[in-house]
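Chemist: The following block contains the structure, expressed as structure tokens.
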Amino acid sequence: MLALAGEVLVDLILEKEAPLGFSGVLGGSALNTATTLSRLGFPVRFFSEVGEDWLSQWSEEEMGRRGLEAFLQRHPGPMPLALVRLGEGGNALYSFHRPFQAAYRPAPGGLKGAWAFHFGSLFALEGRTAGGLEALLQEAEGEGALLSYDPNLRARPSPEERRRLEGYLARVDLLKLSLEDAQLLFPEGPVEAVRRLPPPLKVLTLGPEGAVAFFGEEEVRLPGERVAVADTVGAGDSFTAGLLALLLGKGYGKANLPQLSLQHLEEALRGAIALSALACTVRGAYLPERGLGAWKKRYLGD
């Protein structure tokens with residue numbers, strides 16, 4: 001079983017102006033990754049929060065339709081929203097509306113049997129979620145699960161957020177981040193700064209230029225795939241799903257990640273780039289069925 005934790009948002013994507021018109025989909029970085037892993041056939045347990053309005057009920061039902069075993073805390077109040085406007089090149093501009101105030105407190109015991117625990121984004125930097133996420137991390141460590149983190153930053157972190165982030169970097173096995181994340185964290189020399197970070201495996205996505213992985217003293221760099229871009233929403237989350245699926249599918253976990261071969265690392269990086277490129281060919285983060293099936297057959301052999 002794979003476990004993931006992160007925020008859940010209803011993404012309202014701007015379709016027209018004057019008057020404003022939106023289309024709505026369920027979103028959130030870790031949720032997008034969890035959805036793709038579930039569609040690839042992995043058993044997935046997802047930890048998050050919802051409100052108590054009708055949109056929260058729809059969101060919970062949608063998680064079930066995606067095959068996720070959802071462990072949700074329910075807050076009094078409405079469902080969080082992300083208003084999305086697509087800019088030049090399909091890049092997304094966000095306006096977040098997140099009403100929850102109470103602390104996040106997951107029920108204990110939810111990570112029993114987990115092979116890996118992935119977390120990140122806004123959820124991992126908030127003070128009110130810190131205690132609950134720490135409890136999940138301790139459970140995951142007790143299970144011997146591989147720990148994976150994606151900062152997925154939207155702005156330069158505050159000093160408190162940076163201390164929290166650095167605490168995660170000191171204990172995770174796999175760090176996936178984008179060049180934009182690295183530039184927000186390390187404005188001068190972002191790539192070299194990522195190379196020196198403590199996690200054993202660091203993977204940096206470079207947009208259309210592909211991705212680079214740092215593993216010990218080794219570096220693996222692969223180019224991107226050229227596709228007709230509809231938008232880039234969920235591209236990084238799809239990359240993470242592909243990377244985790246291929247590493248775990250080849251039997252790598254916390255205990256034997258230090259034995260990861262460069263051939264397997266290159267194969268995982270190539271597959272993750274291909275899945276990210278597939279995400280760019282459609283609107284939103286939900287991958288097309290036919291394309292996902294073809295990817296699964298090619299890279300997972302199913």
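Residues in the structure tokens are named by chain (A, B, ... in the order shown) and by number from 1 within that chain; ligands are numbered from 1 in the order shown.
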Name all residues at most 10 Å from Asp237 in chain A (count only C-alpha atoms; drop same-chain ones fewer than 5 positions away) and give them as a ChimeraX atom specification.
Modeler: /A:28-36,150,152,176,242-243,272,275-276,279,285
Chemist: Among range 76-129 of chain A, which residues does DSSP mark as strand (DSSP E or B) when it is run on the backbone? Keep the chain and numbering as in the structure and answer as a PDB file with N, CA, C and O atoms, in the first residue's frame.
Modeler:
```pdb
ATOM      1  N   LEU A  81     -10.944  26.040  -2.231  1.00  0.00           N
ATOM      2  CA  LEU A  81     -11.000  26.252  -3.675  1.00  0.00           C
ATOM      3  C   LEU A  81      -9.672  26.791  -4.176  1.00  0.00           C
ATOM      4  O   LEU A  81      -8.949  27.479  -3.455  1.00  0.00           O
ATOM      5  N   ALA A  82      -9.376  26.484  -5.435  1.00  0.00           N
ATOM      6  CA  ALA A  82      -8.266  27.107  -6.149  1.00  0.00           C
ATOM      7  C   ALA A  82      -8.806  27.619  -7.472  1.00  0.00           C
ATOM      8  O   ALA A  82      -9.264  26.830  -8.305  1.00  0.00           O
ATOM      9  N   LEU A  83      -8.804  28.931  -7.657  1.00  0.00           N
ATOM     10  CA  LEU A  83      -9.197  29.518  -8.929  1.00  0.00           C
ATOM     11  C   LEU A  83      -7.972  29.555  -9.831  1.00  0.00           C
ATOM     12  O   LEU A  83      -6.899  30.003  -9.412  1.00  0.00           O
ATOM     13  N   VAL A  84      -8.128  29.027 -11.049  1.00  0.00           N
ATOM     14  CA  VAL A  84      -6.988  28.809 -11.937  1.00  0.00           C
ATOM     15  C   VAL A  84      -7.206  29.575 -13.239  1.00  0.00           C
ATOM     16  O   VAL A  84      -8.242  29.421 -13.898  1.00  0.00           O
ATOM     17  N   ARG A  85      -6.216  30.375 -13.592  1.00  0.00           N
ATOM     18  CA  ARG A  85      -6.229  31.056 -14.884  1.00  0.00           C
ATOM     19  C   ARG A  85      -4.999  30.615 -15.660  1.00  0.00           C
ATOM     20  O   ARG A  85      -3.876  30.681 -15.144  1.00  0.00           O
ATOM     21  N   LEU A  86      -5.229  30.136 -16.877  1.00  0.00           N
ATOM     22  CA  LEU A  86      -4.125  29.651 -17.695  1.00  0.00           C
ATOM     23  C   LEU A  86      -3.490  30.816 -18.437  1.00  0.00           C
ATOM     24  O   LEU A  86      -4.164  31.561 -19.146  1.00  0.00           O
ATOM     25  N   ALA A  92      -0.186  27.821 -15.269  1.00  0.00           N
ATOM     26  CA  ALA A  92      -1.334  28.162 -14.444  1.00  0.00           C
ATOM     27  C   ALA A  92      -1.003  29.246 -13.428  1.00  0.00           C
ATOM     28  O   ALA A  92       0.058  29.227 -12.800  1.00  0.00           O
ATOM     29  N   LEU A  93      -1.931  30.196 -13.275  1.00  0.00           N
ATOM     30  CA  LEU A  93      -1.883  31.193 -12.206  1.00  0.00           C
ATOM     31  C   LEU A  93      -2.998  30.868 -11.228  1.00  0.00           C
ATOM     32  O   LEU A  93      -4.140  30.630 -11.631  1.00  0.00           O
ATOM     33  N   TYR A  94      -2.683  30.854  -9.927  1.00  0.00           N
ATOM     34  CA  TYR A  94      -3.617  30.369  -8.919  1.00  0.00           C
ATOM     35  C   TYR A  94      -4.057  31.482  -7.970  1.00  0.00           C
ATOM     36  O   TYR A  94      -3.289  32.384  -7.635  1.00  0.00           O
ATOM     37  N   SER A  95      -5.310  31.358  -7.508  1.00  0.00           N
ATOM     38  CA  SER A  95      -5.818  32.147  -6.388  1.00  0.00           C
ATOM     39  C   SER A  95      -6.456  31.156  -5.418  1.00  0.00           C
ATOM     40  O   SER A  95      -7.461  30.519  -5.746  1.00  0.00           O
ATOM     41  N   PHE A  96      -5.843  30.990  -4.238  1.00  0.00           N
ATOM     42  CA  PHE A  96      -6.280  29.961  -3.291  1.00  0.00           C
ATOM     43  C   PHE A  96      -7.247  30.541  -2.259  1.00  0.00           C
ATOM     44  O   PHE A  96      -7.056  31.650  -1.757  1.00  0.00           O
ATOM     45  N   HIS A  97      -8.259  29.747  -1.929  1.00  0.00           N
ATOM     46  CA  HIS A  97      -9.238  30.106  -0.904  1.00  0.00           C
ATOM     47  C   HIS A  97      -9.361  28.910   0.034  1.00  0.00           C
ATOM     48  O   HIS A  97     -10.004  27.912  -0.285  1.00  0.00           O
ATOM     49  N   ALA A 116       5.493   3.091   1.119  1.00  0.00           N
ATOM     50  CA  ALA A 116       6.037   4.420   0.868  1.00  0.00           C
ATOM     51  C   ALA A 116       5.038   5.453   1.350  1.00  0.00           C
ATOM     52  O   ALA A 116       3.827   5.204   1.383  1.00  0.00           O
ATOM     53  N   PHE A 117       5.556   6.622   1.733  1.00  0.00           N
ATOM     54  CA  PHE A 117       4.714   7.729   2.160  1.00  0.00           C
ATOM     55  C   PHE A 117       5.190   8.978   1.442  1.00  0.00           C
ATOM     56  O   PHE A 117       6.333   9.409   1.608  1.00  0.00           O
ATOM     57  N   HIS A 118       4.308   9.551   0.625  1.00  0.00           N
ATOM     58  CA  HIS A 118       4.623  10.763  -0.126  1.00  0.00           C
ATOM     59  C   HIS A 118       3.764  11.909   0.383  1.00  0.00           C
ATOM     60  O   HIS A 118       2.567  11.744   0.618  1.00  0.00           O
ATOM     61  N   PHE A 119       4.369  13.097   0.516  1.00  0.00           N
ATOM     62  CA  PHE A 119       3.647  14.254   1.030  1.00  0.00           C
ATOM     63  C   PHE A 119       4.244  15.516   0.431  1.00  0.00           C
ATOM     64  O   PHE A 119       5.299  15.488  -0.221  1.00  0.00           O
ATOM     65  N   GLY A 120       3.556  16.666   0.660  1.00  0.00           N
ATOM     66  CA  GLY A 120       4.141  17.912   0.202  1.00  0.00           C
ATOM     67  C   GLY A 120       3.136  19.014  -0.010  1.00  0.00           C
ATOM     68  O   GLY A 120       2.022  18.991   0.510  1.00  0.00           O
TER      69      GLY A 120
END
```
Chemist: For range 134-141 of chain A, list every protein, DNA or RNA residue within 8 Å, evaluated using only C-alpha atoms, and leave out those in the same chain fewer than 6 positions away; present the list as a list in words.
Modeler: Pro106, Pro108, Gly109, Leu111, Lys112, Ala114, Ala116, Phe117 and Leu147 of chain A
Chemist: Range 39-44 of chain A: which residues within 12 Å, counting only C-alpha atoms, same-chain residues fewer than 6 positions away excluded, as an MDAnalysis selection string?
Modeler: chainID A and resid 1:5 30:33 63:71 110:111 113:118 238 241:242 244:246 248:249 275 286:297 299:302
Chemist: Here is a test: counting only C-alpha atoms, which residue of A:Arg45, A:Leu9, A:Leu146, A:Arg196 is nearest to Pro78 in chain A?
Modeler: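 With only C-alpha atoms as the atom set, the closest residue is A:Leu9.
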Chemist: What does the distance between CA of Gly132 in chain A and CA of Ala255 in chain A come to in Å, to one decimal place?
Modeler: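 The value is 25.2 Å.
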Chemist: Here is a test: counting only C-alpha atoms, which residue of A:Pro198, A:Gly210, A:Pro159, A:Gly144 is nearest to Lys254 in chain A?
Modeler: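 Among the listed residues, A:Gly144 lies closest to Lys254 in chain A.
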Chemist: Within 8 Å of range 212-222 of chain A, counting only C-alpha atoms, which residues qualify if same-chain residues fewer than 4 places away don't, as a PDB file with all heavy atoms, in the first residue's frame?
Modeler:
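The result, written out as part_39.pdb:
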```pdb
ATOM      1  N   ARG A 195      21.847  19.705  -5.640  1.00  0.00           N
ATOM      2  CA  ARG A 195      22.794  18.592  -5.630  1.00  0.00           C
ATOM      3  C   ARG A 195      23.339  18.330  -4.220  1.00  0.00           C
ATOM      4  O   ARG A 195      23.592  17.189  -3.837  1.00  0.00           O
ATOM      5  CB  ARG A 195      23.952  18.897  -6.582  1.00  0.00           C
ATOM      6  CG  ARG A 195      24.950  17.755  -6.724  1.00  0.00           C
ATOM      7  CD  ARG A 195      26.253  18.267  -7.323  1.00  0.00           C
ATOM      8  NE  ARG A 195      26.073  18.835  -8.644  1.00  0.00           N
ATOM      9  CZ  ARG A 195      26.155  18.146  -9.769  1.00  0.00           C
ATOM     10  NH1 ARG A 195      26.418  16.849  -9.743  1.00  0.00           N
ATOM     11  NH2 ARG A 195      25.996  18.753 -10.928  1.00  0.00           N
ATOM     12  N   PRO A 200      19.092  11.152  -0.097  1.00  0.00           N
ATOM     13  CA  PRO A 200      19.939  10.304  -0.950  1.00  0.00           C
ATOM     14  C   PRO A 200      19.657  10.476  -2.437  1.00  0.00           C
ATOM     15  O   PRO A 200      20.570  10.439  -3.254  1.00  0.00           O
ATOM     16  CB  PRO A 200      19.603   8.880  -0.480  1.00  0.00           C
ATOM     17  CG  PRO A 200      19.052   9.042   0.893  1.00  0.00           C
ATOM     18  CD  PRO A 200      18.369  10.369   0.933  1.00  0.00           C
ATOM     19  N   LEU A 201      18.352  10.635  -2.790  1.00  0.00           N
ATOM     20  CA  LEU A 201      17.967  10.784  -4.192  1.00  0.00           C
ATOM     21  C   LEU A 201      17.216  12.098  -4.364  1.00  0.00           C
ATOM     22  O   LEU A 201      16.181  12.309  -3.731  1.00  0.00           O
ATOM     23  CB  LEU A 201      17.100   9.604  -4.635  1.00  0.00           C
ATOM     24  CG  LEU A 201      16.548   9.658  -6.062  1.00  0.00           C
ATOM     25  CD1 LEU A 201      17.670   9.788  -7.089  1.00  0.00           C
ATOM     26  CD2 LEU A 201      15.697   8.415  -6.352  1.00  0.00           C
ATOM     27  N   LYS A 202      17.778  12.980  -5.193  1.00  0.00           N
ATOM     28  CA  LYS A 202      17.136  14.249  -5.515  1.00  0.00           C
ATOM     29  C   LYS A 202      16.818  14.265  -6.997  1.00  0.00           C
ATOM     30  O   LYS A 202      17.701  13.962  -7.820  1.00  0.00           O
ATOM     31  CB  LYS A 202      18.060  15.451  -5.216  1.00  0.00           C
ATOM     32  CG  LYS A 202      18.219  15.791  -3.760  1.00  0.00           C
ATOM     33  CD  LYS A 202      19.296  15.053  -3.061  1.00  0.00           C
ATOM     34  CE  LYS A 202      20.679  15.293  -3.600  1.00  0.00           C
ATOM     35  NZ  LYS A 202      21.732  14.630  -2.765  1.00  0.00           N
ATOM     36  N   VAL A 203      15.576  14.621  -7.345  1.00  0.00           N
ATOM     37  CA  VAL A 203      15.171  14.685  -8.741  1.00  0.00           C
ATOM     38  C   VAL A 203      14.603  16.071  -9.000  1.00  0.00           C
ATOM     39  O   VAL A 203      13.648  16.496  -8.353  1.00  0.00           O
ATOM     40  CB  VAL A 203      14.132  13.598  -9.084  1.00  0.00           C
ATOM     41  CG1 VAL A 203      13.735  13.698 -10.543  1.00  0.00           C
ATOM     42  CG2 VAL A 203      14.694  12.209  -8.779  1.00  0.00           C
ATOM     43  N   LEU A 204      15.195  16.769  -9.957  1.00  0.00           N
ATOM     44  CA  LEU A 204      14.831  18.140 -10.282  1.00  0.00           C
ATOM     45  C   LEU A 204      14.235  18.176 -11.685  1.00  0.00           C
ATOM     46  O   LEU A 204      14.904  17.814 -12.659  1.00  0.00           O
ATOM     47  CB  LEU A 204      16.076  19.029 -10.208  1.00  0.00           C
ATOM     48  CG  LEU A 204      15.929  20.510 -10.536  1.00  0.00           C
ATOM     49  CD1 LEU A 204      15.053  21.215  -9.496  1.00  0.00           C
ATOM     50  CD2 LEU A 204      17.310  21.172 -10.595  1.00  0.00           C
ATOM     51  N   THR A 205      12.974  18.587 -11.797  1.00  0.00           N
ATOM     52  CA  THR A 205      12.362  18.717 -13.115  1.00  0.00           C
ATOM     53  C   THR A 205      12.714  20.070 -13.711  1.00  0.00           C
ATOM     54  O   THR A 205      12.787  21.082 -12.999  1.00  0.00           O
ATOM     55  CB  THR A 205      10.836  18.541 -13.049  1.00  0.00           C
ATOM     56  OG1 THR A 205      10.273  19.528 -12.168  1.00  0.00           O
ATOM     57  CG2 THR A 205      10.475  17.151 -12.524  1.00  0.00           C
ATOM     58  N   LEU A 206      12.921  20.089 -15.028  1.00  0.00           N
ATOM     59  CA  LEU A 206      13.423  21.272 -15.723  1.00  0.00           C
ATOM     60  C   LEU A 206      12.450  21.751 -16.795  1.00  0.00           C
ATOM     61  O   LEU A 206      12.867  22.369 -17.785  1.00  0.00           O
ATOM     62  CB  LEU A 206      14.788  20.959 -16.349  1.00  0.00           C
ATOM     63  CG  LEU A 206      15.854  20.433 -15.391  1.00  0.00           C
ATOM     64  CD1 LEU A 206      17.079  19.947 -16.158  1.00  0.00           C
ATOM     65  CD2 LEU A 206      16.248  21.514 -14.382  1.00  0.00           C
ATOM     66  N   LEU A 262      22.123   2.728 -11.731  1.00  0.00           N
ATOM     67  CA  LEU A 262      21.969   3.889 -12.599  1.00  0.00           C
ATOM     68  C   LEU A 262      21.074   3.566 -13.790  1.00  0.00           C
ATOM     69  O   LEU A 262      20.361   4.437 -14.292  1.00  0.00           O
ATOM     70  CB  LEU A 262      23.340   4.378 -13.075  1.00  0.00           C
ATOM     71  CG  LEU A 262      24.234   4.993 -12.001  1.00  0.00           C
ATOM     72  CD1 LEU A 262      25.515   5.527 -12.633  1.00  0.00           C
ATOM     73  CD2 LEU A 262      23.521   6.121 -11.263  1.00  0.00           C
ATOM     74  N   LEU A 265      17.600   3.920 -12.472  1.00  0.00           N
ATOM     75  CA  LEU A 265      17.324   5.332 -12.243  1.00  0.00           C
ATOM     76  C   LEU A 265      17.027   6.033 -13.571  1.00  0.00           C
ATOM     77  O   LEU A 265      16.074   6.822 -13.670  1.00  0.00           O
ATOM     78  CB  LEU A 265      18.509   5.995 -11.540  1.00  0.00           C
ATOM     79  CG  LEU A 265      18.398   7.508 -11.315  1.00  0.00           C
ATOM     80  CD1 LEU A 265      17.130   7.873 -10.550  1.00  0.00           C
ATOM     81  CD2 LEU A 265      19.633   8.028 -10.589  1.00  0.00           C
ATOM     82  N   GLU A 266      17.801   5.733 -14.589  1.00  0.00           N
ATOM     83  CA  GLU A 266      17.567   6.344 -15.901  1.00  0.00           C
ATOM     84  C   GLU A 266      16.218   5.911 -16.460  1.00  0.00           C
ATOM     85  O   GLU A 266      15.480   6.735 -17.024  1.00  0.00           O
ATOM     86  CB  GLU A 266      18.685   5.960 -16.868  1.00  0.00           C
ATOM     87  CG  GLU A 266      18.543   6.612 -18.231  1.00  0.00           C
ATOM     88  CD  GLU A 266      19.726   6.341 -19.136  1.00  0.00           C
ATOM     89  OE1 GLU A 266      20.849   6.229 -18.629  1.00  0.00           O
ATOM     90  OE2 GLU A 266      19.520   6.256 -20.374  1.00  0.00           O
ATOM     91  N   LEU A 269      13.517   7.802 -14.601  1.00  0.00           N
ATOM     92  CA  LEU A 269      13.502   9.203 -14.997  1.00  0.00           C
ATOM     93  C   LEU A 269      12.857   9.352 -16.381  1.00  0.00           C
ATOM     94  O   LEU A 269      12.040  10.261 -16.597  1.00  0.00           O
ATOM     95  CB  LEU A 269      14.936   9.732 -15.009  1.00  0.00           C
ATOM     96  CG  LEU A 269      15.128  11.246 -14.895  1.00  0.00           C
ATOM     97  CD1 LEU A 269      14.575  11.755 -13.579  1.00  0.00           C
ATOM     98  CD2 LEU A 269      16.610  11.595 -15.030  1.00  0.00           C
ATOM     99  N   ARG A 270      13.185   8.467 -17.291  1.00  0.00           N
ATOM    100  CA  ARG A 270      12.608   8.544 -18.637  1.00  0.00           C
ATOM    101  C   ARG A 270      11.098   8.329 -18.593  1.00  0.00           C
ATOM    102  O   ARG A 270      10.338   9.046 -19.263  1.00  0.00           O
ATOM    103  CB  ARG A 270      13.264   7.503 -19.553  1.00  0.00           C
ATOM    104  CG  ARG A 270      12.732   7.535 -20.980  1.00  0.00           C
ATOM    105  CD  ARG A 270      13.508   6.617 -21.900  1.00  0.00           C
ATOM    106  NE  ARG A 270      14.865   7.133 -22.139  1.00  0.00           N
ATOM    107  CZ  ARG A 270      15.958   6.596 -21.654  1.00  0.00           C
ATOM    108  NH1 ARG A 270      15.905   5.522 -20.903  1.00  0.00           N
ATOM    109  NH2 ARG A 270      17.142   7.124 -21.912  1.00  0.00           N
TER     110      ARG A 270
END
```
Chemist: Run DSSP on the backbone and grab whatever in range 24-188 of chain A lands in helix (DSSP H, G or I); send it over as an MDAnalysis selection string.
Modeler: chainID A and resid 29:39 54:65 88:90 122:124 127:142 159:169 179:185
